[in-house]
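Data block for run-v4.pdb (PDB, C-alpha atoms):
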```
MODEL        1
ATOM      1  CA  MET A   1       0.000   0.000   0.000
ATOM      2  CA  LYS A   2       2.855   2.355   0.844
ATOM      3  CA  ARG A   3       4.435   1.718  -2.561
ATOM      4  CA  PHE A   4       1.105   2.464  -4.293
ATOM      5  CA  ALA A   5       0.801   5.768  -2.404
ATOM      6  CA  GLN A   6       4.346   6.751  -3.415
ATOM      7  CA  SER A   7       3.665   5.892  -7.070
ATOM      8  CA  LEU A   8       0.428   7.838  -7.031
ATOM      9  CA  SER A   9       2.176  10.819  -5.450
ATOM     10  CA  LEU A  10       4.881  10.795  -8.151
ATOM     11  CA  LEU A  11       2.294  10.477 -10.907
ATOM     12  CA  LEU A  12       0.307  13.445  -9.599
ATOM     13  CA  ALA A  13       3.459  15.542  -9.271
ATOM     14  CA  ALA A  14       4.494  14.743 -12.847
ATOM     15  CA  ALA A  15       1.038  15.628 -14.163
ATOM     16  CA  SER A  16       1.353  19.134 -12.741
ATOM     17  CA  LEU A  17       4.626  19.890 -14.588
ATOM     18  CA  PRO A  18       4.476  21.903 -17.833
ATOM     19  CA  LEU A  19       4.982  19.963 -21.043
ATOM     20  CA  LEU A  20       8.344  20.357 -22.731
ATOM     21  CA  GLY A  21       8.128  22.280 -25.984
ATOM     22  CA  ALA A  22       4.726  23.742 -25.117
ATOM     23  CA  ASP A  23       3.797  26.823 -27.114
ATOM     24  CA  PRO A  24       4.237  29.916 -24.880
ATOM     25  CA  VAL A  25       1.258  31.593 -26.592
ATOM     26  CA  ALA A  26      -0.920  28.755 -25.280
ATOM     27  CA  LYS A  27      -0.488  30.361 -21.863
ATOM     28  CA  GLY A  28      -2.562  33.164 -23.253
ATOM     29  CA  THR A  29      -2.707  36.898 -23.415
ATOM     30  CA  GLU A  30      -4.833  39.233 -21.353
ATOM     31  CA  TYR A  31      -6.344  42.196 -23.165
ATOM     32  CA  THR A  32      -7.714  45.272 -21.401
ATOM     33  CA  ALA A  33      -9.935  47.692 -23.288
ATOM     34  CA  THR A  34     -11.439  50.990 -22.270
ATOM     35  CA  VAL A  35     -14.915  51.159 -23.779
ATOM     36  CA  SER A  36     -17.588  53.858 -23.746
ATOM     37  CA  GLY A  37     -21.299  53.358 -24.365
ATOM     38  CA  ILE A  38     -21.902  50.415 -22.029
ATOM     39  CA  VAL A  39     -24.735  51.831 -19.926
ATOM     40  CA  CYS A  40     -26.845  48.804 -18.913
ATOM     41  CA  ALA A  41     -26.775  45.046 -18.401
ATOM     42  CA  SER A  42     -27.967  44.439 -21.948
ATOM     43  CA  CYS A  43     -25.097  46.552 -23.335
ATOM     44  CA  LYS A  44     -22.653  44.607 -21.171
ATOM     45  CA  ALA A  45     -24.036  41.300 -22.461
ATOM     46  CA  HIS A  46     -23.896  42.470 -26.075
ATOM     47  CA  VAL A  47     -20.240  43.543 -25.835
ATOM     48  CA  THR A  48     -19.318  40.360 -23.948
ATOM     49  CA  GLU A  49     -20.898  38.099 -26.573
ATOM     50  CA  ALA A  50     -19.319  40.042 -29.448
ATOM     51  CA  LEU A  51     -15.815  39.778 -27.973
ATOM     52  CA  LYS A  52     -16.249  36.057 -27.220
ATOM     53  CA  LYS A  53     -16.514  35.525 -30.983
ATOM     54  CA  LEU A  54     -12.915  36.677 -31.482
ATOM     55  CA  PRO A  55     -10.462  33.833 -32.187
ATOM     56  CA  GLY A  56      -9.111  32.250 -29.014
ATOM     57  CA  VAL A  57     -11.098  34.378 -26.560
ATOM     58  CA  THR A  58     -11.947  32.307 -23.505
ATOM     59  CA  ALA A  59     -13.337  34.813 -20.996
ATOM     60  CA  VAL A  60     -14.644  38.388 -20.917
ATOM     61  CA  GLU A  61     -15.197  40.591 -17.859
ATOM     62  CA  VAL A  62     -16.723  44.081 -17.816
ATOM     63  CA  THR A  63     -16.099  46.337 -14.813
ATOM     64  CA  LYS A  64     -16.290  50.048 -14.051
ATOM     65  CA  GLY A  65     -13.684  52.087 -15.910
ATOM     66  CA  ALA A  66     -11.245  54.564 -14.417
ATOM     67  CA  GLU A  67     -12.730  57.483 -16.344
ATOM     68  CA  ALA A  68     -16.312  58.747 -16.246
ATOM     69  CA  ASN A  69     -18.697  56.990 -18.648
ATOM     70  CA  THR A  70     -16.244  54.206 -19.466
ATOM     71  CA  GLN A  71     -16.024  50.521 -18.696
ATOM     72  CA  LYS A  72     -12.934  48.362 -18.354
ATOM     73  CA  VAL A  73     -13.325  45.242 -20.492
ATOM     74  CA  THR A  74     -10.800  42.511 -19.793
ATOM     75  CA  PHE A  75     -10.630  39.365 -21.864
ATOM     76  CA  ALA A  76      -8.301  36.396 -22.114
ATOM     77  CA  ALA A  77      -7.296  34.839 -25.409
ATOM     78  CA  SER A  78      -5.033  32.020 -26.493
ATOM     79  CA  THR A  79      -3.555  34.290 -29.165
ATOM     80  CA  ASP A  80      -1.454  37.415 -28.850
ATOM     81  CA  THR A  81      -2.307  38.849 -32.276
ATOM     82  CA  LEU A  82      -5.677  40.509 -31.614
ATOM     83  CA  THR A  83      -5.854  44.231 -32.362
ATOM     84  CA  LYS A  84      -8.155  47.108 -31.485
ATOM     85  CA  GLN A  85      -9.534  46.878 -35.030
ATOM     86  CA  ASP A  86     -10.351  43.168 -34.482
ATOM     87  CA  ALA A  87     -12.367  44.121 -31.406
ATOM     88  CA  VAL A  88     -14.136  46.932 -33.292
ATOM     89  CA  ASN A  89     -14.957  44.499 -36.119
ATOM     90  CA  ALA A  90     -16.351  42.005 -33.589
ATOM     91  CA  LEU A  91     -18.827  44.654 -32.425
ATOM     92  CA  GLY A  92     -20.088  44.961 -36.000
ATOM     93  CA  GLU A  93     -22.825  47.543 -36.513
ATOM     94  CA  SER A  94     -22.768  48.322 -32.788
ATOM     95  CA  ALA A  95     -19.239  49.731 -33.039
ATOM     96  CA  SER A  96     -20.672  53.245 -33.228
ATOM     97  CA  GLN A  97     -22.622  52.706 -29.985
ATOM     98  CA  TYR A  98     -19.803  51.001 -28.062
ATOM     99  CA  GLN A  99     -16.541  52.760 -28.783
ATOM    100  CA  ILE A 100     -13.300  51.024 -27.962
ATOM    101  CA  LEU A 101     -11.078  53.871 -26.836
ATOM    102  CA  SER A 102      -7.968  51.781 -26.160
ATOM    103  CA  LEU A 103      -6.780  48.169 -26.135
ATOM    104  CA  ASP A 104      -3.692  46.961 -24.272
ATOM    105  CA  LYS A 105      -2.327  43.442 -23.987
ATOM    106  CA  THR A 106      -0.109  41.597 -21.529
ATOM    107  CA  ALA A 107       1.179  38.028 -21.729
ATOM    108  CA  LYS A 108       0.140  35.748 -18.903
TER     109      LYS A 108
ENDMDL
END
```
Mind converting the file's structure to structure tokens?
Amino acid sequence: MKRFAQSLSLLLAAASLPLLGADPVAKGTEYTATVSGIVCASCKAHVTEALKKLPGVTAVEVTKGAEANTQKVTFAASTDTLTKQDAVNALGESASQYQILSLDKTAK
């Protein structure tokens, strides 16, 4: 039984190690946008759903922005190539209602 517990412990430890040769982009990139025009829960949902359609986006969070009448929109993606224009395009016809003022990215 002791030997089984040791083997199980080693197996679990090995499973938590990163794979050799893993793509560093797979760790993901966090994007932070400052957006104006999000004034209600429906607006928040619309922007969230639009950004989730971008390639590799896995999560979107909308919180109060630092400036008046803005929201901070943070989203995680498995790619580091998304641009402000990609986000504007994702909004489609609503891009005039929800204006993306800035988009910054940081690697995770």
field: Matched chain/residue IDs from the PyMOL selection byres ((chain A and resi 70-81) around 10), as a PyMOL selection string
entry: chain A and resi 24-39+44+47-48+51-52+54-69+82-83+86+98-108
message: Can you measure CA of Cys40 (chain A) to CA of Gln85 (chain A) for me? One decimal in Å is fine.
response: 23.7 Å
query: Quick one, how far is CA of Ser94 (chain A) from CA of Ala50 (chain A)?
result: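 CA of Ala50 (chain A) lies 9.6 Å from CA of Ser94 (chain A).
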Please enclose the listed atoms of region 48-57 of chain A in an axis-aligned box, pad each side by 3 Å, and write out the centre and the three edge lengths in Å, rounded to one decimal, as JSON.
```
{"center_x": -15.0, "center_y": 36.3, "center_z": -28.1, "size_x": 17.8, "size_y": 14.1, "size_z": 14.2}
```
When you get a chance, write out N, CA and C atoms for region 26-56 of chain A, as a PDB file, keeping the file's coordinate frame.
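Dumped to result-v7.pdb:
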```
ATOM      1  N   ALA A  26       0.177  29.531 -25.851  1.00  0.00           N
ATOM      2  CA  ALA A  26      -0.920  28.755 -25.280  1.00  0.00           C
ATOM      3  C   ALA A  26      -1.225  29.210 -23.851  1.00  0.00           C
ATOM      4  N   LYS A  27      -0.243  29.821 -23.197  1.00  0.00           N
ATOM      5  CA  LYS A  27      -0.488  30.361 -21.863  1.00  0.00           C
ATOM      6  C   LYS A  27      -1.505  31.478 -21.928  1.00  0.00           C
ATOM      7  N   GLY A  28      -1.550  32.150 -23.045  1.00  0.00           N
ATOM      8  CA  GLY A  28      -2.562  33.164 -23.253  1.00  0.00           C
ATOM      9  C   GLY A  28      -2.082  34.584 -23.080  1.00  0.00           C
ATOM     10  N   THR A  29      -2.949  35.465 -23.508  1.00  0.00           N
ATOM     11  CA  THR A  29      -2.707  36.898 -23.415  1.00  0.00           C
ATOM     12  C   THR A  29      -3.935  37.537 -22.807  1.00  0.00           C
ATOM     13  N   GLU A  30      -3.721  38.499 -21.936  1.00  0.00           N
ATOM     14  CA  GLU A  30      -4.833  39.233 -21.353  1.00  0.00           C
ATOM     15  C   GLU A  30      -4.914  40.592 -22.033  1.00  0.00           C
ATOM     16  N   TYR A  31      -6.083  40.917 -22.506  1.00  0.00           N
ATOM     17  CA  TYR A  31      -6.344  42.196 -23.165  1.00  0.00           C
ATOM     18  C   TYR A  31      -7.209  43.042 -22.245  1.00  0.00           C
ATOM     19  N   THR A  32      -6.917  44.337 -22.189  1.00  0.00           N
ATOM     20  CA  THR A  32      -7.714  45.272 -21.401  1.00  0.00           C
ATOM     21  C   THR A  32      -8.106  46.432 -22.304  1.00  0.00           C
ATOM     22  N   ALA A  33      -9.412  46.624 -22.440  1.00  0.00           N
ATOM     23  CA  ALA A  33      -9.935  47.692 -23.288  1.00  0.00           C
ATOM     24  C   ALA A  33     -10.672  48.707 -22.425  1.00  0.00           C
ATOM     25  N   THR A  34     -10.597  49.953 -22.847  1.00  0.00           N
ATOM     26  CA  THR A  34     -11.439  50.990 -22.270  1.00  0.00           C
ATOM     27  C   THR A  34     -12.531  51.249 -23.298  1.00  0.00           C
ATOM     28  N   VAL A  35     -13.780  51.090 -22.861  1.00  0.00           N
ATOM     29  CA  VAL A  35     -14.915  51.159 -23.779  1.00  0.00           C
ATOM     30  C   VAL A  35     -15.944  52.148 -23.244  1.00  0.00           C
ATOM     31  N   SER A  36     -16.493  52.963 -24.135  1.00  0.00           N
ATOM     32  CA  SER A  36     -17.588  53.858 -23.746  1.00  0.00           C
ATOM     33  C   SER A  36     -18.877  53.344 -24.379  1.00  0.00           C
ATOM     34  N   GLY A  37     -20.002  53.731 -23.808  1.00  0.00           N
ATOM     35  CA  GLY A  37     -21.299  53.358 -24.365  1.00  0.00           C
ATOM     36  C   GLY A  37     -21.967  52.180 -23.685  1.00  0.00           C
ATOM     37  N   ILE A  38     -21.294  51.527 -22.758  1.00  0.00           N
ATOM     38  CA  ILE A  38     -21.902  50.415 -22.029  1.00  0.00           C
ATOM     39  C   ILE A  38     -22.630  51.026 -20.845  1.00  0.00           C
ATOM     40  N   VAL A  39     -23.972  51.121 -20.960  1.00  0.00           N
ATOM     41  CA  VAL A  39     -24.735  51.831 -19.926  1.00  0.00           C
ATOM     42  C   VAL A  39     -25.719  50.942 -19.165  1.00  0.00           C
ATOM     43  N   CYS A  40     -25.884  49.677 -19.599  1.00  0.00           N
ATOM     44  CA  CYS A  40     -26.845  48.804 -18.913  1.00  0.00           C
ATOM     45  C   CYS A  40     -26.387  47.352 -19.031  1.00  0.00           C
ATOM     46  N   ALA A  41     -27.113  46.471 -18.380  1.00  0.00           N
ATOM     47  CA  ALA A  41     -26.775  45.046 -18.401  1.00  0.00           C
ATOM     48  C   ALA A  41     -26.878  44.452 -19.803  1.00  0.00           C
ATOM     49  N   SER A  42     -27.828  44.923 -20.580  1.00  0.00           N
ATOM     50  CA  SER A  42     -27.967  44.439 -21.948  1.00  0.00           C
ATOM     51  C   SER A  42     -26.770  44.849 -22.804  1.00  0.00           C
ATOM     52  N   CYS A  43     -26.292  46.075 -22.620  1.00  0.00           N
ATOM     53  CA  CYS A  43     -25.097  46.552 -23.335  1.00  0.00           C
ATOM     54  C   CYS A  43     -23.893  45.680 -22.964  1.00  0.00           C
ATOM     55  N   LYS A  44     -23.756  45.429 -21.667  1.00  0.00           N
ATOM     56  CA  LYS A  44     -22.653  44.607 -21.171  1.00  0.00           C
ATOM     57  C   LYS A  44     -22.702  43.219 -21.810  1.00  0.00           C
ATOM     58  N   ALA A  45     -23.885  42.628 -21.868  1.00  0.00           N
ATOM     59  CA  ALA A  45     -24.036  41.300 -22.461  1.00  0.00           C
ATOM     60  C   ALA A  45     -23.711  41.322 -23.951  1.00  0.00           C
ATOM     61  N   HIS A  46     -24.140  42.363 -24.638  1.00  0.00           N
ATOM     62  CA  HIS A  46     -23.896  42.470 -26.075  1.00  0.00           C
ATOM     63  C   HIS A  46     -22.394  42.551 -26.366  1.00  0.00           C
ATOM     64  N   VAL A  47     -21.687  43.387 -25.638  1.00  0.00           N
ATOM     65  CA  VAL A  47     -20.240  43.543 -25.835  1.00  0.00           C
ATOM     66  C   VAL A  47     -19.517  42.238 -25.477  1.00  0.00           C
ATOM     67  N   THR A  48     -19.934  41.619 -24.380  1.00  0.00           N
ATOM     68  CA  THR A  48     -19.318  40.360 -23.948  1.00  0.00           C
ATOM     69  C   THR A  48     -19.464  39.290 -25.020  1.00  0.00           C
ATOM     70  N   GLU A  49     -20.663  39.118 -25.538  1.00  0.00           N
ATOM     71  CA  GLU A  49     -20.898  38.099 -26.573  1.00  0.00           C
ATOM     72  C   GLU A  49     -20.142  38.401 -27.856  1.00  0.00           C
ATOM     73  N   ALA A  50     -20.054  39.663 -28.231  1.00  0.00           N
ATOM     74  CA  ALA A  50     -19.319  40.042 -29.448  1.00  0.00           C
ATOM     75  C   ALA A  50     -17.837  39.699 -29.307  1.00  0.00           C
ATOM     76  N   LEU A  51     -17.237  40.027 -28.163  1.00  0.00           N
ATOM     77  CA  LEU A  51     -15.815  39.778 -27.973  1.00  0.00           C
ATOM     78  C   LEU A  51     -15.513  38.292 -27.839  1.00  0.00           C
ATOM     79  N   LYS A  52     -16.446  37.506 -27.332  1.00  0.00           N
ATOM     80  CA  LYS A  52     -16.249  36.057 -27.220  1.00  0.00           C
ATOM     81  C   LYS A  52     -16.159  35.392 -28.587  1.00  0.00           C
ATOM     82  N   LYS A  53     -16.589  36.083 -29.630  1.00  0.00           N
ATOM     83  CA  LYS A  53     -16.514  35.525 -30.983  1.00  0.00           C
ATOM     84  C   LYS A  53     -15.134  35.709 -31.612  1.00  0.00           C
ATOM     85  N   LEU A  54     -14.273  36.505 -30.980  1.00  0.00           N
ATOM     86  CA  LEU A  54     -12.915  36.677 -31.482  1.00  0.00           C
ATOM     87  C   LEU A  54     -12.142  35.369 -31.335  1.00  0.00           C
ATOM     88  N   PRO A  55     -11.216  35.084 -32.249  1.00  0.00           N
ATOM     89  CA  PRO A  55     -10.462  33.833 -32.187  1.00  0.00           C
ATOM     90  C   PRO A  55      -9.685  33.689 -30.878  1.00  0.00           C
ATOM     91  N   GLY A  56      -9.869  32.563 -30.214  1.00  0.00           N
ATOM     92  CA  GLY A  56      -9.111  32.250 -29.014  1.00  0.00           C
ATOM     93  C   GLY A  56      -9.578  32.895 -27.733  1.00  0.00           C
TER      94      GLY A  56
END
```
